[in-house]
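Trainee: start_38.cif is reproduced in full below (mmCIF, C-alpha atoms (C1' of nucleotides)).
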```cif
data_final
#
loop_
_atom_site.group_PDB
_atom_site.id
_atom_site.type_symbol
_atom_site.label_atom_id
_atom_site.label_comp_id
_atom_site.auth_asym_id
_atom_site.auth_seq_id
_atom_site.Cartn_x
_atom_site.Cartn_y
_atom_site.Cartn_z
ATOM 1 C CA MET A 1 -18.995 -2.768 -25.493
ATOM 2 C CA TRP A 2 -17.994 -0.951 -22.344
ATOM 3 C CA GLN A 3 -18.149 2.580 -23.647
ATOM 4 C CA THR A 4 -21.726 3.724 -23.988
ATOM 5 C CA GLY A 5 -21.641 6.860 -26.105
ATOM 6 C CA CYS A 6 -19.466 9.814 -25.187
ATOM 7 C CA MET A 7 -16.478 8.345 -26.922
ATOM 8 C CA PRO A 8 -13.372 10.415 -27.642
ATOM 9 C CA THR A 9 -11.771 10.089 -31.008
ATOM 10 C CA MET A 10 -8.655 8.482 -29.573
ATOM 11 C CA GLN A 11 -7.983 5.867 -26.934
ATOM 12 C CA LEU A 12 -6.161 7.488 -24.058
ATOM 13 C CA PRO A 13 -4.718 5.743 -21.061
ATOM 14 C CA ILE A 14 -5.613 8.637 -18.804
ATOM 15 C CA VAL A 15 -8.503 10.936 -18.239
ATOM 16 C CA THR A 16 -8.071 14.053 -20.264
ATOM 17 C CA THR A 17 -9.813 17.240 -19.379
ATOM 18 C CA GLU A 18 -11.718 17.073 -22.608
ATOM 19 C CA PHE A 19 -13.005 13.652 -21.833
ATOM 20 C CA ALA A 20 -13.963 14.704 -18.366
ATOM 21 C CA VAL A 21 -15.960 17.586 -19.684
ATOM 22 C CA CYS A 22 -17.513 15.376 -22.286
ATOM 23 C CA CYS A 23 -18.673 12.658 -19.939
ATOM 24 C CA ALA A 24 -19.135 14.489 -16.689
ATOM 25 C CA PRO A 25 -20.701 17.849 -17.316
ATOM 26 C CA ALA A 26 -21.674 18.174 -13.673
ATOM 27 C CA GLY A 27 -18.209 18.302 -12.113
ATOM 28 C CA GLU A 28 -14.535 18.298 -12.867
ATOM 29 C CA VAL A 29 -12.537 15.110 -12.933
ATOM 30 C CA ILE A 30 -9.018 15.310 -11.649
ATOM 31 C CA THR A 31 -6.194 14.500 -13.994
ATOM 32 C CA ALA A 32 -4.014 11.432 -13.705
ATOM 33 C CA GLU A 33 -1.184 13.609 -12.432
ATOM 34 C CA GLU A 34 -3.313 15.083 -9.687
ATOM 35 C CA ALA A 35 -4.508 11.627 -8.733
ATOM 36 C CA GLU A 36 -0.921 10.473 -8.572
ATOM 37 C CA GLN A 37 0.019 13.327 -6.276
ATOM 38 C CA LEU A 38 -2.893 12.711 -3.954
ATOM 39 C CA ALA A 39 -2.449 8.953 -3.913
ATOM 40 C CA ARG A 40 1.224 9.282 -3.050
ATOM 41 C CA ARG A 41 0.340 11.171 0.093
ATOM 42 C CA PHE A 42 -2.634 9.055 1.024
ATOM 43 C CA LYS A 43 -0.453 6.007 0.595
ATOM 44 C CA ALA A 44 1.837 7.388 3.273
ATOM 45 C CA LEU A 45 -1.200 7.590 5.528
ATOM 46 C CA GLY A 46 -2.232 4.074 4.607
ATOM 47 C CA ASP A 47 -0.211 2.342 7.275
ATOM 48 C CA PRO A 48 -1.339 2.150 10.898
ATOM 49 C CA THR A 49 2.176 2.642 12.193
ATOM 50 C CA ARG A 50 2.594 5.859 10.257
ATOM 51 C CA VAL A 51 -0.775 7.143 11.413
ATOM 52 C CA ARG A 52 0.298 6.520 14.968
ATOM 53 C CA LEU A 53 3.649 8.181 14.354
ATOM 54 C CA LEU A 54 1.901 11.300 13.112
ATOM 55 C CA SER A 55 -0.385 11.234 16.100
ATOM 56 C CA LEU A 56 2.548 10.865 18.450
ATOM 57 C CA ILE A 57 4.413 13.747 16.865
ATOM 58 C CA ALA A 58 1.362 15.970 16.903
ATOM 59 C CA ALA A 59 0.740 15.246 20.555
ATOM 60 C CA HIS A 60 4.374 15.549 21.537
ATOM 61 C CA ASP A 61 5.677 18.527 23.377
ATOM 62 C CA GLY A 62 6.541 21.339 21.012
ATOM 63 C CA GLY A 63 4.878 19.594 18.097
ATOM 64 C CA GLU A 64 8.081 17.764 17.254
ATOM 65 C CA ALA A 65 9.681 14.481 18.137
ATOM 66 C CA CYS A 66 12.872 12.596 17.443
ATOM 67 C CA ILE A 67 13.097 8.948 16.445
ATOM 68 C CA CYS A 68 14.017 7.905 19.944
ATOM 69 C CA ASP A 69 10.750 9.361 21.218
ATOM 70 C CA LEU A 70 8.793 7.185 18.828
ATOM 71 C CA ILE A 71 10.447 3.801 18.968
ATOM 72 C CA TYR A 72 9.006 2.602 22.212
ATOM 73 C CA PRO A 73 5.420 3.829 21.718
ATOM 74 C CA VAL A 74 5.011 2.055 18.397
ATOM 75 C CA GLY A 75 6.901 -1.011 19.575
ATOM 76 C CA LEU A 76 9.018 -1.473 16.455
ATOM 77 C CA SER A 77 12.729 -1.486 15.799
ATOM 78 C CA GLN A 78 14.707 1.695 15.191
ATOM 79 C CA PRO A 79 15.376 0.948 11.500
ATOM 80 C CA THR A 80 11.690 0.334 10.932
ATOM 81 C CA VAL A 81 10.688 3.588 12.586
ATOM 82 C CA SER A 82 13.293 5.421 10.544
ATOM 83 C CA HIS A 83 11.909 3.780 7.450
ATOM 84 C CA HIS A 84 8.386 4.946 8.208
ATOM 85 C CA MET A 85 9.513 8.456 8.990
ATOM 86 C CA LYS A 86 11.299 8.559 5.672
ATOM 87 C CA GLN A 87 8.089 7.554 3.951
ATOM 88 C CA LEU A 88 6.255 10.367 5.678
ATOM 89 C CA ALA A 89 9.009 12.838 4.858
ATOM 90 C CA ASP A 90 9.138 11.781 1.205
ATOM 91 C CA ALA A 91 5.398 12.307 1.014
ATOM 92 C CA GLY A 92 5.846 15.797 2.387
ATOM 93 C CA LEU A 93 3.767 15.122 5.471
ATOM 94 C CA VAL A 94 6.612 15.792 7.902
ATOM 95 C CA THR A 95 9.809 17.745 7.881
ATOM 96 C CA ARG A 96 13.123 16.542 9.221
ATOM 97 C CA GLU A 97 15.579 18.735 11.052
ATOM 98 C CA GLN A 98 18.888 17.470 12.337
ATOM 99 C CA ARG A 99 19.932 19.033 15.606
ATOM 100 C CA GLY A 100 23.046 17.486 16.997
ATOM 101 C CA LYS A 101 22.621 13.758 17.347
ATOM 102 C CA TRP A 102 18.866 13.984 17.047
ATOM 103 C CA ALA A 103 16.587 14.191 14.050
ATOM 104 C CA TYR A 104 13.479 16.139 14.864
ATOM 105 C CA TYR A 105 10.353 15.511 12.874
ATOM 106 C CA ARG A 106 7.508 17.951 12.598
ATOM 107 C CA ILE A 107 4.143 17.675 10.907
ATOM 108 C CA VAL A 108 3.489 19.759 7.797
ATOM 109 C CA ASN A 109 0.048 21.087 8.556
ATOM 110 C CA ASP A 110 -0.469 22.526 5.111
ATOM 111 C CA ALA A 111 0.007 19.150 3.498
ATOM 112 C CA LEU A 112 -2.570 17.534 5.737
ATOM 113 C CA THR A 113 -4.967 20.412 5.212
ATOM 114 C CA ALA A 114 -4.588 20.069 1.456
ATOM 115 C CA LEU A 115 -5.433 16.389 1.711
ATOM 116 C CA ALA A 116 -8.407 17.116 3.903
ATOM 117 C CA THR A 117 -9.655 19.653 1.397
ATOM 118 C CA ALA A 118 -9.219 17.206 -1.465
ATOM 119 C CA ILE A 119 -11.552 14.671 0.104
ATOM 120 C CA THR A 120 -14.050 17.111 1.500
ATOM 121 C CA PRO A 121 -17.206 16.222 -0.399
ATOM 122 C CA THR A 122 -18.038 19.775 -1.448
ATOM 123 C CA ALA A 123 -18.348 18.591 -5.026
ATOM 124 C CA GLN A 124 -15.170 16.623 -4.304
ATOM 125 C CA ARG A 125 -13.112 19.733 -4.903
ATOM 126 C CA VAL A 126 -9.440 18.988 -5.516
ATOM 127 C CA ARG A 127 -6.883 21.658 -4.795
ATOM 128 C CA MET B 1 18.701 3.130 25.564
ATOM 129 C CA TRP B 2 15.879 4.480 23.437
ATOM 130 C CA GLN B 3 13.409 5.348 26.153
ATOM 131 C CA THR B 4 14.416 8.498 27.934
ATOM 132 C CA GLY B 5 12.322 8.776 31.023
ATOM 133 C CA CYS B 6 8.550 8.541 30.978
ATOM 134 C CA MET B 7 8.689 4.779 30.997
ATOM 135 C CA PRO B 8 5.620 2.685 31.732
ATOM 136 C CA THR B 9 5.997 -0.194 34.085
ATOM 137 C CA MET B 10 5.383 -2.723 31.389
ATOM 138 C CA GLN B 11 6.513 -3.109 27.797
ATOM 139 C CA LEU B 12 3.511 -2.724 25.542
ATOM 140 C CA PRO B 13 3.458 -3.210 21.810
ATOM 141 C CA ILE B 14 0.867 -0.505 21.351
ATOM 142 C CA VAL B 15 0.158 2.936 22.634
ATOM 143 C CA THR B 16 -2.093 2.795 25.612
ATOM 144 C CA THR B 17 -4.088 5.753 26.741
ATOM 145 C CA GLU B 18 -2.116 5.836 29.930
ATOM 146 C CA PHE B 19 1.142 6.011 28.064
ATOM 147 C CA ALA B 20 -0.215 8.734 25.838
ATOM 148 C CA VAL B 21 -1.156 10.815 28.847
ATOM 149 C CA CYS B 22 2.187 10.106 30.422
ATOM 150 C CA CYS B 23 4.345 11.111 27.515
ATOM 151 C CA ALA B 24 2.212 13.596 25.685
ATOM 152 C CA PRO B 25 0.369 15.782 28.135
ATOM 153 C CA ALA B 26 -0.404 18.323 25.437
ATOM 154 C CA GLY B 27 -2.650 16.197 23.230
ATOM 155 C CA GLU B 28 -4.285 12.835 22.874
ATOM 156 C CA VAL B 29 -2.648 10.046 20.986
ATOM 157 C CA ILE B 30 -4.915 7.778 19.025
ATOM 158 C CA THR B 31 -5.058 4.127 19.943
ATOM 159 C CA ALA B 32 -3.694 1.373 17.780
ATOM 160 C CA GLU B 33 -7.235 0.387 16.889
ATOM 161 C CA GLU B 34 -8.117 3.881 15.752
ATOM 162 C CA ALA B 35 -4.931 4.054 13.734
ATOM 163 C CA GLU B 36 -5.834 0.761 12.124
ATOM 164 C CA GLN B 37 -9.257 2.050 11.168
ATOM 165 C CA LEU B 38 -7.889 5.249 9.695
ATOM 166 C CA ALA B 39 -5.043 3.552 7.872
ATOM 167 C CA ARG B 40 -7.394 1.049 6.309
ATOM 168 C CA ARG B 41 -9.339 3.841 4.699
ATOM 169 C CA PHE B 42 -6.336 5.924 3.754
ATOM 170 C CA LYS B 43 -4.838 2.855 2.188
ATOM 171 C CA ALA B 44 -7.841 2.658 -0.100
ATOM 172 C CA LEU B 45 -7.081 6.231 -1.133
ATOM 173 C CA GLY B 46 -3.421 5.398 -1.627
ATOM 174 C CA ASP B 47 -3.724 4.299 -5.219
ATOM 175 C CA PRO B 48 -3.988 6.758 -8.100
ATOM 176 C CA THR B 49 -6.507 4.622 -9.927
ATOM 177 C CA ARG B 50 -8.826 4.581 -6.952
ATOM 178 C CA VAL B 51 -8.497 8.319 -6.491
ATOM 179 C CA ARG B 52 -9.495 8.770 -10.103
ATOM 180 C CA LEU B 53 -12.367 6.352 -9.710
ATOM 181 C CA LEU B 54 -13.711 8.365 -6.806
ATOM 182 C CA SER B 55 -13.322 11.541 -8.786
ATOM 183 C CA LEU B 56 -15.132 10.023 -11.742
ATOM 184 C CA ILE B 57 -18.017 8.834 -9.606
ATOM 185 C CA ALA B 58 -18.303 12.166 -7.850
ATOM 186 C CA ALA B 59 -18.388 14.005 -11.148
ATOM 187 C CA HIS B 60 -20.716 11.551 -12.793
ATOM 188 C CA ASP B 61 -24.321 12.380 -13.422
ATOM 189 C CA GLY B 62 -26.430 11.658 -10.369
ATOM 190 C CA GLY B 63 -23.391 11.080 -8.217
ATOM 191 C CA GLU B 64 -23.272 7.429 -9.128
ATOM 192 C CA ALA B 65 -21.622 5.312 -11.762
ATOM 193 C CA CYS B 66 -21.488 1.704 -12.832
ATOM 194 C CA ILE B 67 -18.327 -0.223 -13.623
ATOM 195 C CA CYS B 68 -18.895 0.169 -17.333
ATOM 196 C CA ASP B 69 -18.797 3.944 -16.944
ATOM 197 C CA LEU B 70 -15.374 3.725 -15.326
ATOM 198 C CA ILE B 71 -13.471 1.194 -17.392
ATOM 199 C CA TYR B 72 -12.653 3.386 -20.328
ATOM 200 C CA PRO B 73 -11.701 6.552 -18.414
ATOM 201 C CA VAL B 74 -9.138 4.791 -16.247
ATOM 202 C CA GLY B 75 -7.894 2.645 -19.109
ATOM 203 C CA LEU B 76 -7.736 -0.636 -17.218
ATOM 204 C CA SER B 77 -9.430 -3.981 -17.618
ATOM 205 C CA GLN B 78 -12.847 -4.706 -16.204
ATOM 206 C CA PRO B 79 -11.582 -7.165 -13.554
ATOM 207 C CA THR B 80 -9.073 -4.594 -12.376
ATOM 208 C CA VAL B 81 -11.684 -1.870 -12.085
ATOM 209 C CA SER B 82 -13.951 -4.261 -10.201
ATOM 210 C CA HIS B 83 -11.045 -5.063 -7.933
ATOM 211 C CA HIS B 84 -10.433 -1.419 -7.130
ATOM 212 C CA MET B 85 -14.094 -0.737 -6.537
ATOM 213 C CA LYS B 86 -14.197 -3.636 -4.126
ATOM 214 C CA GLN B 87 -11.284 -2.112 -2.241
ATOM 215 C CA LEU B 88 -13.143 1.172 -1.997
ATOM 216 C CA ALA B 89 -16.333 -0.557 -0.946
ATOM 217 C CA ASP B 90 -14.573 -2.656 1.687
ATOM 218 C CA ALA B 91 -13.075 0.525 3.074
ATOM 219 C CA GLY B 92 -16.527 2.023 3.343
ATOM 220 C CA LEU B 93 -15.745 4.836 0.941
ATOM 221 C CA VAL B 94 -18.367 3.819 -1.593
ATOM 222 C CA THR B 95 -21.614 1.872 -1.561
ATOM 223 C CA ARG B 96 -22.638 -0.680 -4.113
ATOM 224 C CA GLU B 97 -26.176 -1.109 -5.362
ATOM 225 C CA GLN B 98 -27.137 -3.712 -7.891
ATOM 226 C CA ARG B 99 -29.832 -2.577 -10.274
ATOM 227 C CA GLY B 100 -30.507 -5.107 -12.956
ATOM 228 C CA LYS B 101 -27.327 -5.953 -14.765
ATOM 229 C CA TRP B 102 -25.539 -2.902 -13.466
ATOM 230 C CA ALA B 103 -23.767 -2.264 -10.191
ATOM 231 C CA TYR B 104 -24.007 1.354 -9.203
ATOM 232 C CA TYR B 105 -21.378 2.822 -6.962
ATOM 233 C CA ARG B 106 -21.865 5.935 -4.911
ATOM 234 C CA ILE B 107 -19.501 7.857 -2.674
ATOM 235 C CA VAL B 108 -20.057 7.776 1.075
ATOM 236 C CA ASN B 109 -19.599 11.408 1.917
ATOM 237 C CA ASP B 110 -19.617 10.843 5.648
ATOM 238 C CA ALA B 111 -16.644 8.522 5.410
ATOM 239 C CA LEU B 112 -14.599 11.046 3.466
ATOM 240 C CA THR B 113 -15.625 13.803 5.832
ATOM 241 C CA ALA B 114 -14.522 11.716 8.773
ATOM 242 C CA LEU B 115 -11.142 11.183 7.171
ATOM 243 C CA ALA B 116 -10.812 14.862 6.391
ATOM 244 C CA THR B 117 -11.593 15.692 9.995
ATOM 245 C CA ALA B 118 -9.050 13.200 11.246
ATOM 246 C CA ILE B 119 -6.208 14.881 9.387
ATOM 247 C CA THR B 120 -7.327 18.431 9.940
ATOM 248 C CA PRO B 121 -4.484 19.901 12.016
ATOM 249 C CA THR B 122 -6.730 21.422 14.657
ATOM 250 C CA ALA B 123 -4.685 19.726 17.356
ATOM 251 C CA GLN B 124 -4.788 16.737 15.007
ATOM 252 C CA ARG B 125 -8.216 15.816 16.282
ATOM 253 C CA VAL B 126 -9.192 12.239 15.503
ATOM 254 C CA ARG B 127 -12.868 11.373 15.403
ATOM 255 C "C1'" DT C 1 41.066 10.588 21.140
ATOM 256 C "C1'" DC C 2 37.709 7.083 22.193
ATOM 257 C "C1'" DG C 3 33.573 5.018 23.467
ATOM 258 C "C1'" DA C 4 28.700 5.719 23.447
ATOM 259 C "C1'" DT C 5 24.624 7.505 21.378
ATOM 260 C "C1'" DA C 6 21.234 8.722 17.523
ATOM 261 C "C1'" DC C 7 20.105 7.750 13.231
ATOM 262 C "C1'" DA C 8 20.233 6.165 8.309
ATOM 263 C "C1'" DT C 9 21.163 2.683 5.076
ATOM 264 C "C1'" DC C 10 21.916 -2.052 3.457
ATOM 265 C "C1'" DG C 11 20.578 -6.817 2.528
ATOM 266 C "C1'" DA C 12 17.323 -10.264 3.106
ATOM 267 C "C1'" DT C 13 12.672 -12.178 3.627
ATOM 268 C "C1'" DA C 14 7.839 -12.833 4.141
ATOM 269 C "C1'" DG C 15 3.599 -10.872 3.071
ATOM 270 C "C1'" DT C 16 0.800 -7.898 0.166
ATOM 271 C "C1'" DT C 17 -1.045 -5.994 -4.137
ATOM 272 C "C1'" DA C 18 -1.979 -4.378 -8.895
ATOM 273 C "C1'" DC C 19 -2.800 -6.327 -13.027
ATOM 274 C "C1'" DC C 20 -4.451 -9.537 -16.550
ATOM 275 C "C1'" DG C 21 -7.024 -13.452 -19.017
ATOM 276 C "C1'" DA C 22 -10.247 -16.958 -18.130
ATOM 277 C "C1'" DT C 23 -14.372 -18.244 -16.168
ATOM 278 C "C1'" DG C 24 -18.711 -18.251 -13.638
ATOM 279 C "C1'" DC C 25 -23.108 -16.095 -12.425
ATOM 280 C "C1'" DA C 26 -26.850 -13.234 -12.995
ATOM 281 C "C1'" DT C 27 -29.948 -10.339 -15.923
ATOM 282 C "C1'" DC C 28 -32.021 -8.755 -20.014
ATOM 283 C "C1'" DG C 29 -33.885 -8.832 -24.740
ATOM 284 C "C1'" DA C 30 -35.400 -11.536 -28.609
ATOM 285 C "C1'" DT D 1 -35.140 -20.653 -24.172
ATOM 286 C "C1'" DC D 2 -30.832 -18.680 -25.763
ATOM 287 C "C1'" DG D 3 -27.348 -15.514 -26.714
ATOM 288 C "C1'" DA D 4 -25.428 -11.267 -25.139
ATOM 289 C "C1'" DT D 5 -24.261 -8.098 -21.553
ATOM 290 C "C1'" DG D 6 -22.501 -6.491 -16.875
ATOM 291 C "C1'" DC D 7 -19.935 -7.818 -13.256
ATOM 292 C "C1'" DA D 8 -17.428 -10.639 -9.698
ATOM 293 C "C1'" DT D 9 -14.195 -14.085 -8.758
ATOM 294 C "C1'" DC D 10 -10.300 -17.189 -9.648
ATOM 295 C "C1'" DG D 11 -5.489 -18.268 -10.665
ATOM 296 C "C1'" DG D 12 -1.160 -16.562 -11.757
ATOM 297 C "C1'" DT D 13 2.663 -13.217 -11.911
ATOM 298 C "C1'" DA D 14 5.497 -9.325 -11.237
ATOM 299 C "C1'" DA D 15 6.272 -5.577 -8.311
ATOM 300 C "C1'" DC D 16 6.142 -3.530 -4.007
ATOM 301 C "C1'" DT D 17 6.601 -3.141 1.186
ATOM 302 C "C1'" DA D 18 6.999 -3.856 6.219
ATOM 303 C "C1'" DT D 19 10.134 -5.753 9.080
ATOM 304 C "C1'" DC D 20 14.447 -7.097 11.086
ATOM 305 C "C1'" DG D 21 19.649 -7.523 12.169
ATOM 306 C "C1'" DA D 22 23.931 -5.766 10.756
ATOM 307 C "C1'" DT D 23 26.581 -1.988 9.602
ATOM 308 C "C1'" DG D 24 28.032 2.740 8.510
ATOM 309 C "C1'" DT D 25 28.170 7.770 9.750
ATOM 310 C "C1'" DA D 26 28.036 11.637 12.541
ATOM 311 C "C1'" DT D 27 27.795 13.798 17.082
ATOM 312 C "C1'" DC D 28 28.561 14.190 21.877
ATOM 313 C "C1'" DG D 29 30.861 13.613 26.398
ATOM 314 C "C1'" DA D 30 34.813 12.142 28.986
#
```
Could you render the structure as structure tokens?
Mentor:
Amino acid sequence: MWQTGCMPTMQLPIVTTEFAVCCAPAGEVITAEEAEQLARRFKALGDPTRVRLLSLIAAHDGGEACICDLIYPVGLSQPTVSHHMKQLADAGLVTREQRGKWAYYRIVNDALTALATAITPTAQRVR
Amino acid sequence: MWQTGCMPTMQLPIVTTEFAVCCAPAGEVITAEEAEQLARRFKALGDPTRVRLLSLIAAHDGGEACICDLIYPVGLSQPTVSHHMKQLADAGLVTREQRGKWAYYRIVNDALTALATAITPTAQRVR
DNA sequence: TCGATACATCGATAGTTACCGATGCATCGA
DNA sequence: TCGATGCATCGGTAACTATCGATGTATCGA
């Protein structure tokens, strides 16, 4: 038997707030939805190329960069860089702004700050 | 031509410090190795189940939990939970301590703090 | 108007991963 | 000593993803 006491009346595939309170009186357990949200963004950070892209953008003049600024530094093809930037944009970690022929990407500081807060071990506070 | 000016003398697959200084005078660009390190850990956070596992451990009594405490809340099989915990342990986000029949996992706060610092937008400081 | 440029998308492929049941290896209690 | 428990690992599978070349779309300059 895996469940030692503290058993809800119904088998649930996710952690409900009730269960969390029941089994973890000390702190609050995040919900499956919150975990999904966080994981989606951390996943975008889970690739070395994308981490470097963020770093390059952050360090770039004006805090923004176009694809053509990024291709050479990361040493990958243009479609691949575009692909990674789309991942970052879909995760909400960067914004995209088309100006003429160029697409300028800019880091969303609030998103990164929210992630940083989520993993700051002050009782593992989430949002 | 993708590279507009600011061209190093040699094609490099990674960002060298010299290139970073050349093209991004404002800030420092992390090296490929640093990006690899960060991405490895963010990748471990890039799965909703693992995020929930961390949350469960953090909220658990004493700040530690064994596999059997985690199986029911996440609603997955024991091998799968073990698999995820191994991912987290390999990433250095949790420690494992065998006590008798049980394996107790505990969050490495310093690792999470380091990650939080890395993505804190204060000039995107890394380590 | 036309060629070049910047970028996204498509299609394909090789590598990775999340998941499970089965199994093996310890440890504990009887 | 033996069965049961807690956990890791193995083998397999389905789903995802990082990467590229080719191509399409829009913009700019001549």
Trainee: Expand the PyMOL selection byres ((chain A) within 12 of (chain D)) into the explicit residue set it covers here, and present it as a list in words.
Mentor: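 Matching residues under the PyMOL selection byres ((chain A) within 12 of (chain D)) are Met1, Trp2, Lys43, Ala44, Gly46, Asp47, Pro48, Thr49, Arg50, Gly75, Leu76, Ser77, Gln78, Pro79, Thr80, Val81, Ser82, His83, His84, Gln87, Gln98, Arg99, Gly100, Lys101, Trp102 and Ala103 of chain A.
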Trainee: Given the file shown, determine the residues that the PyMOL selection byres ((chain C) within 9 of (chain A)) selects; report them as a PyMOL selection string.
Mentor: chain C and resi 5-9
Trainee: Can I get the selected residues back with C-alpha atoms (C1' of nucleotides), as a CSV table (one decimal), in the coordinates of the input?
Mentor:
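This is the output file out-v3.csv:
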```
chain,number,residue,atom,x,y,z
C,5,DT,C1',24.6,7.5,21.4
C,6,DA,C1',21.2,8.7,17.5
C,7,DC,C1',20.1,7.8,13.2
C,8,DA,C1',20.2,6.2,8.3
C,9,DT,C1',21.2,2.7,5.1
```
Trainee: For the PyMOL selection byres ((chain B and resi 30) around 8), applied here, can you spell out every residue it catches as a VMD selection string?
Mentor: (chain A and resid 52 55) or (chain B and resid 15 28 to 29 31 to 32 34 to 35 126)
Trainee: Can you work out which one of B:Ala118, B:Ala59, B:Ala91, B:Leu53 has the shortest atom-to-atom distance to chain A, counting all atoms listed in the file?
Mentor: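 That would be B:Ala59, the residue with the smallest distance to chain A.
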Trainee: I'd like the contact shell of Ile119 in chain A - 12 Å cut-off, all atoms listed in the file, skipping same-chain residues fewer than 3 positions apart - returned as a VMD selection string.
Mentor: (chain A and resid 35 38 to 39 42 112 to 116 122 to 127) or (chain B and resid 41 to 42 45 51 to 52 54 to 55 58 93 107 to 120)
Trainee: Do you have the CA of Arg106 in chain A-CA of Ala65 in chain A distance handy?
Mentor: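 We find that CA of Arg106 in chain A and CA of Ala65 in chain A lie 6.9 Å from each other.
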Trainee: Working from the structure I just supplied, which lacks atoms in range 55-71 of chain B, can you model N, CA and C atoms there and output them as a PDB file, keeping the file's coordinate frame?
Mentor:
```pdb
ATOM      1  N   SER B  55     -13.090  10.277  -8.103  1.00  0.00           N
ATOM      2  CA  SER B  55     -13.322  11.541  -8.786  1.00  0.00           C
ATOM      3  C   SER B  55     -14.335  11.374  -9.912  1.00  0.00           C
ATOM      4  N   LEU B  56     -14.210  10.278 -10.640  1.00  0.00           N
ATOM      5  CA  LEU B  56     -15.132  10.023 -11.742  1.00  0.00           C
ATOM      6  C   LEU B  56     -16.558   9.830 -11.239  1.00  0.00           C
ATOM      7  N   ILE B  57     -16.683   9.068 -10.158  1.00  0.00           N
ATOM      8  CA  ILE B  57     -18.017   8.834  -9.606  1.00  0.00           C
ATOM      9  C   ILE B  57     -18.625  10.134  -9.105  1.00  0.00           C
ATOM     10  N   ALA B  58     -17.795  10.911  -8.409  1.00  0.00           N
ATOM     11  CA  ALA B  58     -18.303  12.166  -7.850  1.00  0.00           C
ATOM     12  C   ALA B  58     -18.774  13.104  -8.949  1.00  0.00           C
ATOM     13  N   ALA B  59     -18.054  13.084 -10.068  1.00  0.00           N
ATOM     14  CA  ALA B  59     -18.388  14.005 -11.148  1.00  0.00           C
ATOM     15  C   ALA B  59     -19.479  13.455 -12.050  1.00  0.00           C
ATOM     16  N   HIS B  60     -19.767  12.172 -11.889  1.00  0.00           N
ATOM     17  CA  HIS B  60     -20.716  11.551 -12.793  1.00  0.00           C
ATOM     18  C   HIS B  60     -22.133  12.003 -12.502  1.00  0.00           C
ATOM     19  N   ASP B  61     -22.943  11.935 -13.526  1.00  0.00           N
ATOM     20  CA  ASP B  61     -24.321  12.380 -13.422  1.00  0.00           C
ATOM     21  C   ASP B  61     -25.064  11.591 -12.336  1.00  0.00           C
ATOM     22  N   GLY B  62     -25.670  12.302 -11.423  1.00  0.00           N
ATOM     23  CA  GLY B  62     -26.430  11.658 -10.369  1.00  0.00           C
ATOM     24  C   GLY B  62     -25.573  11.203  -9.219  1.00  0.00           C
ATOM     25  N   GLY B  63     -24.279  11.451  -9.305  1.00  0.00           N
ATOM     26  CA  GLY B  63     -23.391  11.080  -8.217  1.00  0.00           C
ATOM     27  C   GLY B  63     -23.160   9.596  -8.107  1.00  0.00           C
ATOM     28  N   GLU B  64     -23.511   8.866  -9.146  1.00  0.00           N
ATOM     29  CA  GLU B  64     -23.272   7.429  -9.128  1.00  0.00           C
ATOM     30  C   GLU B  64     -22.797   6.989 -10.496  1.00  0.00           C
ATOM     31  N   ALA B  65     -22.137   5.836 -10.506  1.00  0.00           N
ATOM     32  CA  ALA B  65     -21.622   5.312 -11.762  1.00  0.00           C
ATOM     33  C   ALA B  65     -21.527   3.804 -11.661  1.00  0.00           C
ATOM     34  N   CYS B  66     -21.673   3.149 -12.799  1.00  0.00           N
ATOM     35  CA  CYS B  66     -21.488   1.704 -12.832  1.00  0.00           C
ATOM     36  C   CYS B  66     -20.080   1.418 -13.349  1.00  0.00           C
ATOM     37  N   ILE B  67     -19.675   0.177 -13.201  1.00  0.00           N
ATOM     38  CA  ILE B  67     -18.327  -0.223 -13.623  1.00  0.00           C
ATOM     39  C   ILE B  67     -18.077   0.155 -15.079  1.00  0.00           C
ATOM     40  N   CYS B  68     -19.083  -0.067 -15.898  1.00  0.00           N
ATOM     41  CA  CYS B  68     -18.895   0.169 -17.333  1.00  0.00           C
ATOM     42  C   CYS B  68     -18.647   1.642 -17.639  1.00  0.00           C
ATOM     43  N   ASP B  69     -19.084   2.516 -16.761  1.00  0.00           N
ATOM     44  CA  ASP B  69     -18.797   3.944 -16.944  1.00  0.00           C
ATOM     45  C   ASP B  69     -17.346   4.265 -16.624  1.00  0.00           C
ATOM     46  N   LEU B  70     -16.689   3.396 -15.882  1.00  0.00           N
ATOM     47  CA  LEU B  70     -15.374   3.725 -15.326  1.00  0.00           C
ATOM     48  C   LEU B  70     -14.227   3.065 -16.080  1.00  0.00           C
ATOM     49  N   ILE B  71     -14.527   1.978 -16.752  1.00  0.00           N
ATOM     50  CA  ILE B  71     -13.471   1.194 -17.392  1.00  0.00           C
ATOM     51  C   ILE B  71     -12.683   2.015 -18.393  1.00  0.00           C
TER      52      ILE B  71
END
```
